[in-house]
Structures are given as structure tokens and as C-alpha cells.
Amino acid sequence: MNHLILFPVLLPAVVGAIIILVMRFHTSLARTFSVATSLALLGIGWALLWEGASGRFMVYGLGNWPAPFGIVLVLDRLSALMVALTATLALPVLLYAIGSGWDTRGRHFHALFLFQLMGIFGAFLTGDIFNLFVFFEILLIASYGLMIHAGGTRRMRAGVQYVIYNLLGSTLFLFALGTLYAVTGTLNMADLALRVAEIPAEQSALIRVAAVLLLAVFAVKAALIPLHFWLPATYADAPAPIAALFAIMTKIGAYAILRVFTLIFGPGVVATQGLVGTWLMPAALVTLAVGMIGVLGARQMGRLAAFAAIGSMGTLLVAIALFTPQGTAAALYYMVHSTLAGAMLFLVVDLVRARRAGEADWLTPAPLMAQSGLVASLFFAAAIAMAGMPPLSGFLGKLLVMDAVRSHPLVWTIWAVILTTSLVAVLGFARAGSALFWNTLPPEAAPDAPTTLPFVATGGLLAMLTLLTLAAGPVTGFMAATAAQLTATGSYISAVLPDAPDAPDAPDAPDPSDPPEAPEAPAPEDTQ
Amino acid sequence: MEYLFSTAVGALTAGGIYLVLRQRTFTVILGISLLTYAVNLFLFASGRLSINLPAVLRYGTETYGDPLPQALVLTAIVISFGMTAVIVMLGLGAYLAARDDRIDLDDATPGATDTAPAQGKGDMT
């Protein structure tokens, strides 16, 4: 058994605890350990991506308990991709937080940061749905601390809203898990996939409830309309580097939707057929429209970036809601892009805030900020990326998404929404950019601008976006392989449960249109 | 027993949702507590309600109480207990900072620089 898969969870947990216990009052020591851990995680993340790209599954039984009874960590292409993306995002964000001094404006920044990473990695790697809940809680608890980092009245009040909203989401998650367990008697994802596929259509009431509850929970995380209300205030009022890290948090919702609704409640499952796609697609379109209109209507940079994040989630979920291999591949490419671009936009927001008096990011005339040209060009690049304009990967991502919806019955509606909202976003970003950088008052004594590290971090994200654009060919090839692997759920199930008695029942042929045969016996209702 | 149990879960959930929709932090926290009680009971029932069944520990018994929901409930209780403590502290901090425990945020106005770091509030984390 390869132990490498355990380290993304274990390493931040251990180092985070050590930082809290030993280095609470040693800023430089905590910074060193935090950066070293992030570097190590970056290496581990890319090693796991290399491992996952081979197409094999890496299954790790914790405590060496066999799969349906013990908890497993599973690495496939999708989770490897998400782990590598998180590790890649974490390092620039951390460097920015250090360079701008955000990590010293409150207590325990580095420990919370590492705990947050631990929760995110765990959520991507786990193969057990209750463990998914636990890792969601870990990352949320860390994010509560990070969200109110450095305090302030407005931030505290936004934090209260954020915590309450997510506590309700967690409660809903538990209700969903209870229902799932009551129906199937298992919480292992591969085992769940087997059991759910056996449920005949006439006994599907409870499992459909569980599926919809799970969708609602993940929609809260993914900020899908109408469950997005937590996001604008949270992202706009959180410290901007934290908001940049939160760019991956909405993607966890998207990841969970992708995982659960391909593996467990896949398109071929009779019990939940036609349940999710019909709801997800309209909601995603409305999310996209509301997000981009929000970009146009925002009066503050923070709000603008938050609504841009909502809009990009809309585009992403449009592609996911197709539940076709091509749509999934497009969604994954766009997911990587929008994570990096969203994070970059938030870092630019903080660059602006740091250069204006009182940390205000209102789109009103203000004295010309220091290094205005450099900040403006970074904002320009981030805006191009978020709006999906040609030179950067956002354009390619949107093109892939639009190509993937071609066979969908609503293709013209979807194209119209995507193209119109792109235009609205361009207008919104152009308005914000001109208000910030051109409509200025004569310069006066501006606050001291931070050192070069923030620029390096922001530029690093831009470099990654450029790389994603240049390497679009190999990357989309990898995404297509990932989507194919996701669709062929049989290989996942047989990797986790090598000697499952029902293994032949699993759709070994990766053909989702193949209806699974109706089982003779009713679903196993009781575990006893 | 099933009727009694489901009525209890339903009543707790209904009360919890009603309280969560209130406007003050305190009642919302009470509502969240009620909801977590409801979900804990619900999780417990997901392993089927049964009386006088032995634990899973013994060999040679035909039936036994399902151990997994108990483990799940334990996890859920620990998490919800901790989270209630966090939200109480956070709500208290927000109330002391804003002198108001309304749950909704006012529209921010230009010139109000309340995102600036307040002194000593970092200890809340």
C-alpha cells in the first residue's frame, strides 16, 4: 500500500498542531514552517497527479480495514487533479498573505490555513460519504476562523451569517446521510453505488429524497442560486487572501456534485433517473446570469470579485449539469481556470485595497494609487480571465463548455445566456477598471504599499493561467481521460471493493445508456 | 414507538426552522441547536429502532443493535457541540462590536471604514 495518499491530510494536520502549540508567538518560525509545508504539499500534490494520471486507482484502507467496513481514501484522476490544483493555489495565496502582512493582523493564521488545506485535501480524497461530511466540517471550521481573521465589526457580522448558513448546510447534510444509510445500510461511496443501482423505481421515494438533499447541500457549497446568499458578503468581507483561498471552496461543491452524481446517482440509475439534470441546468443558468449582473452592479471591488466567482460557478455547473463525458471534461478545464483566475482577482482586490486610504475598495474617485500601472495591468489580466476574453484560458474554457452543450435540447438558450453574460461581465469589469484606475484624484500621501512578494504571488497565478492556456492541448486530453474514468463507474467500484459479491452487477461496460437489469430481490433494507 | 419518535424529530425540526428564520442571533442559535438535536435523533433512527438488542460485541447472537449510527451520532454530537460554542462566541463578538444582534447586514456605505482591523478581536479565532 502506497502511503503517499495519506500525506496531504496528515502533514498539514501535524504541522498545524505544532504551529499552534510551539510557534504561536514566533511569526517568522510559523511562516517558515507554513511555507515549507505548502511546498511539500505542492510536491506531494503533483506526485499524486502523476500517479493518478496513469489511470490506476490508489485505494488506501485506513487501519487496513477492508473497504465497506473501514474508511478508504481513493485517488483517481479527478481527486488527483483537485489535490494538485489546491496545492498549486495554496502556495501563492500563502506567499501573498505573508508578503502583505495579513498573517500578522490576527492570531493563528498559519495553523488555520493548514487545517483548511487538510480539510480540502481530505474532502477530495475520501471514498466514504460520511467522511466527506467530516472533512467538510474540518475545512469549514478552519474557514470560520480565517473568515473573521483580523476582526472588524462588519467582518464579524458577515462571519456570523457565514457560520449560520454553513451550520444549516451541515445539518441538511446529516439528514441526507441518515436517509441514505436508512435506505442502503452503507456509507462507502462504491458500496452505495452498488446498492443504489439495485433499488427498483417503485421503491425510490426515500433515495430520491436523499439525492435531492445531497444536491441541496452541495449547491450551498457551490453557491448555486437560490442557495448562494452566503457568498457575496463572505467573500467581500473576508480578508482578500482568504477569499482567494476560498476560490477552491466553491469548487469543492462542484467536485462533490460531480463525484456523487456520477458515481452513486449516475445517469443510468433507475431510482433517481432524470432527477438532478433537470434541476441543475436552469439553476446553473440563473446563477450565471445573476453572477454577471452582480459584476455589473457591484459598487465595491470585493463584491465585484465575489459576484464574478458566482458567475464562474454558473458556467461550471452548466457544463456539469450535462453529465456527459464531454461536458465533464469542459467543466474540469473551466474549474481549474476559474479557481486560479478567481483567486488572482481577489489578490488584485487586496492590492487595490492596500493602496487606498482606509482599505476602501469603493468604485468612487480616490487619489491615484501607488504603482497604479502595475496594479491596473494585473487587474486587466484578471478581468480578461474572469470574463472569458480571448488571450487567456477563460476563453478556451467557455469555448469548450459551449461546444459540449451542442447536443443539449436547450442549446440556443444556453449559448445566449453564456454569451450575453460574458458581454455583461466585460462591461462590468471595464466599468470597474476605469473607475478605479482612470477616474482618480491627484495623488496624495497614499498608504505604504507592501513589498514585492504580493506582486510575485499575483504574477505567479497569472503565469499559471498562461501556462494553462499554452498547455491547453495536453490538459484537455487529461480532462477527457478524467471524464471517461468518471463515467466508467465500474472500475472505481471494483478498485474499492475487489471482491464485492455484486460486482458483476456494476456497469463494467462504460455505457451509461445501458439500463441496469432489474434485480429480483428488493433492496437490502436492513444491515442487521 | 415509531410514531412517538418521528413526532419528536418533526417537532424539533419545525421548531428549529421557525427559530432559525428569526432575526436575532440568539434565537437563530437556539434554532440551530434544536435542529442538531433533531438530526441526531434522526441519525440514530436510521439504523432502525429496536429494543433490548445486544451490542455487536458478542458472538452467537442472531440480531444486534446497529453500531454504525451510534458512531455517526457521536461524531455529529461532537461537531455540533463544538460548532455551537463557536457560533455563540462569534455572535457575542459581533454583538459587542456592533452593539446590535440583528442577523442581517446593512448595506455598506462609502466612507464607513469598518473593515479596518479592530483591536484585539483576533483572539476570537
# chains A, B, ... in the order shown; residues from 1 in each chain; ligands from 1
>>> residues_around(residues="Leu174 of chain A", least_positions_apart="2", cutoff="8 Å", atoms="only C-alpha atoms", output="NGL selection string")
(:A and (133 or 170-172 or 176-178)) or (:B and (39 or 43 or 76))
>>> write_last_selection(atoms="C-alpha atoms", output="PDB file, in the first residue's frame")
ATOM      1  CA  PHE A 133     -19.063  15.313   5.848  1.00  0.00           C
ATOM      2  CA  SER A 170     -24.179  20.692   7.669  1.00  0.00           C
ATOM      3  CA  THR A 171     -27.471  19.803   9.358  1.00  0.00           C
ATOM      4  CA  LEU A 172     -29.002  19.175   5.970  1.00  0.00           C
ATOM      5  CA  ALA A 176     -29.232  13.355   3.816  1.00  0.00           C
ATOM      6  CA  LEU A 177     -26.674  10.896   5.181  1.00  0.00           C
ATOM      7  CA  GLY A 178     -29.182   9.475   7.664  1.00  0.00           C
TER       8      GLY A 178
ATOM      9  CA  VAL B  39     -30.759  15.434  13.220  1.00  0.00           C
ATOM     10  CA  LEU B  43     -29.406   9.633  12.519  1.00  0.00           C
ATOM     11  CA  ALA B  76     -22.331  14.569  14.854  1.00  0.00           C
TER      12      ALA B  76
END
>>> closest_residue(among="B:Thr61, B:Ser46, B:Ser80, B:Thr75", to="chain A", atoms="only C-alpha atoms")
B:Ser46
>>> residues_around(residues="segment 273-280 of chain A", least_positions_apart="6", cutoff="9 Å", atoms="only C-alpha atoms", output="PyMOL selection string")
chain A and resi 201+208+211-212+215+224+261+265-267+317-318+320-323
>>> closest_atom_pairs(of="chain A", to="chain B", cutoff="8 Å", atoms="only C-alpha atoms", output="CSV")
residue,atom,partner,partner_atom,distance
A:Arg105,CA,B:Gly122,CA,7.4
A:Gly106,CA,B:Gly122,CA,4.4
A:Arg107,CA,B:Gly122,CA,5.5
A:His108,CA,B:Thr125,CA,7.3
A:Glu137,CA,B:Ile79,CA,7.7
A:Ile141,CA,B:Met83,CA,7.8
A:Gly145,CA,B:Thr125,CA,5.1
A:Leu146,CA,B:Thr125,CA,7.8
A:Ile148,CA,B:Thr125,CA,7.5
A:His149,CA,B:Gly122,CA,6.2
A:Ala150,CA,B:Gly122,CA,5.1
A:Gly151,CA,B:Lys121,CA,5.1
A:Gly152,CA,B:Ala118,CA,4.7
A:Thr153,CA,B:Ala97,CA,5.4
A:Arg154,CA,B:Asp114,CA,6.0
A:Arg155,CA,B:Thr115,CA,6.5
A:Met156,CA,B:Ala94,CA,5.1
A:Arg157,CA,B:Ala94,CA,5.4
A:Ala158,CA,B:Leu105,CA,7.2
A:Gly159,CA,B:Leu90,CA,7.7
A:Val160,CA,B:Gly91,CA,6.0
A:Gln161,CA,B:Ile103,CA,6.8
A:Val163,CA,B:Ile87,CA,6.9
A:Ile164,CA,B:Ile87,CA,7.5
A:Leu167,CA,B:Ile32,CA,7.5
A:Leu168,CA,B:Ile32,CA,7.1
A:Thr171,CA,B:Thr36,CA,6.4
A:Leu174,CA,B:Val39,CA,6.6
A:Phe175,CA,B:Val39,CA,6.0
A:Leu177,CA,B:Leu43,CA,7.9
A:Gly178,CA,B:Leu43,CA,4.9
A:Thr179,CA,B:Ser46,CA,6.7
A:Tyr181,CA,B:Ser46,CA,6.3
A:Ala182,CA,B:Ser46,CA,4.5
A:Gly185,CA,B:Gly47,CA,7.8
A:Asp237,CA,B:Thr115,CA,7.3
A:Gly358,CA,B:Thr113,CA,5.9
A:Glu359,CA,B:Ala116,CA,6.9
A:Ala360,CA,B:Thr113,CA,6.8
A:Trp362,CA,B:Pro110,CA,6.5
A:Thr527,CA,B:Asp66,CA,7.5
A:Gln528,CA,B:Thr63,CA,6.4
>>> closest_residue(among="B:Met1, B:Val78, B:Ala11, B:Leu21", to="Ser50 of chain B", atoms="only C-alpha atoms")
B:Met1
>>> residues_around(residues="Gln300 of chain A", least_positions_apart="3", cutoff="8 Å", atoms="only C-alpha atoms", output="list of chain:residue names")
A:Arg303, A:Leu304, A:Asp361, A:Trp362, A:Leu363
>>> write_last_selection(atoms="N, CA and C atoms", output="PDB file, in the first residue's frame")
ATOM      1  N   ARG A 303     -17.140  43.005  -3.706  1.00  0.00           N
ATOM      2  CA  ARG A 303     -18.417  42.490  -4.194  1.00  0.00           C
ATOM      3  C   ARG A 303     -18.300  42.027  -5.638  1.00  0.00           C
ATOM      4  N   LEU A 304     -17.596  42.835  -6.431  1.00  0.00           N
ATOM      5  CA  LEU A 304     -17.440  42.516  -7.842  1.00  0.00           C
ATOM      6  C   LEU A 304     -16.756  41.166  -8.000  1.00  0.00           C
ATOM      7  N   ASP A 361     -12.513  49.807  -0.985  1.00  0.00           N
ATOM      8  CA  ASP A 361     -12.437  49.364  -2.366  1.00  0.00           C
ATOM      9  C   ASP A 361     -13.658  49.839  -3.142  1.00  0.00           C
ATOM     10  N   TRP A 362     -14.193  50.987  -2.744  1.00  0.00           N
ATOM     11  CA  TRP A 362     -15.342  51.542  -3.444  1.00  0.00           C
ATOM     12  C   TRP A 362     -14.926  52.023  -4.826  1.00  0.00           C
ATOM     13  N   LEU A 363     -15.838  51.862  -5.776  1.00  0.00           N
ATOM     14  CA  LEU A 363     -15.545  52.288  -7.137  1.00  0.00           C
ATOM     15  C   LEU A 363     -15.872  53.768  -7.280  1.00  0.00           C
TER      16      LEU A 363
END
>>> atom_distance(atom1="atom CA of Gly119 of chain A", atom2="atom CA of Leu73 of chain A")
13.2 Å
>>> residues_around(residues="segment 33-41 of chain A", least_positions_apart="3", cutoff="6 Å", atoms="only C-alpha atoms", output="list of chain:residue names")
A:Ala30, A:Ile44, A:Gly45, A:Ala87, A:Leu91
>>> write_last_selection(atoms="N, CA and C atoms", output="CSV table (one decimal), in the first residue's frame")
chain,number,residue,atom,x,y,z
A,30,ALA,N,6.7,30.4,12.3
A,30,ALA,CA,5.5,29.9,11.8
A,30,ALA,C,5.4,30.0,10.3
A,44,ILE,N,3.9,16.8,-3.1
A,44,ILE,CA,3.0,15.6,-2.9
A,44,ILE,C,1.8,15.7,-3.9
A,45,GLY,N,1.2,16.9,-4.0
A,45,GLY,CA,0.1,17.0,-4.9
A,45,GLY,C,0.4,16.7,-6.3
A,87,ALA,N,-3.1,22.4,-4.0
A,87,ALA,CA,-1.7,22.7,-3.6
A,87,ALA,C,-1.1,23.8,-4.4
A,91,LEU,N,0.1,27.8,-2.4
A,91,LEU,CA,1.4,28.4,-2.2
A,91,LEU,C,1.3,29.9,-2.5
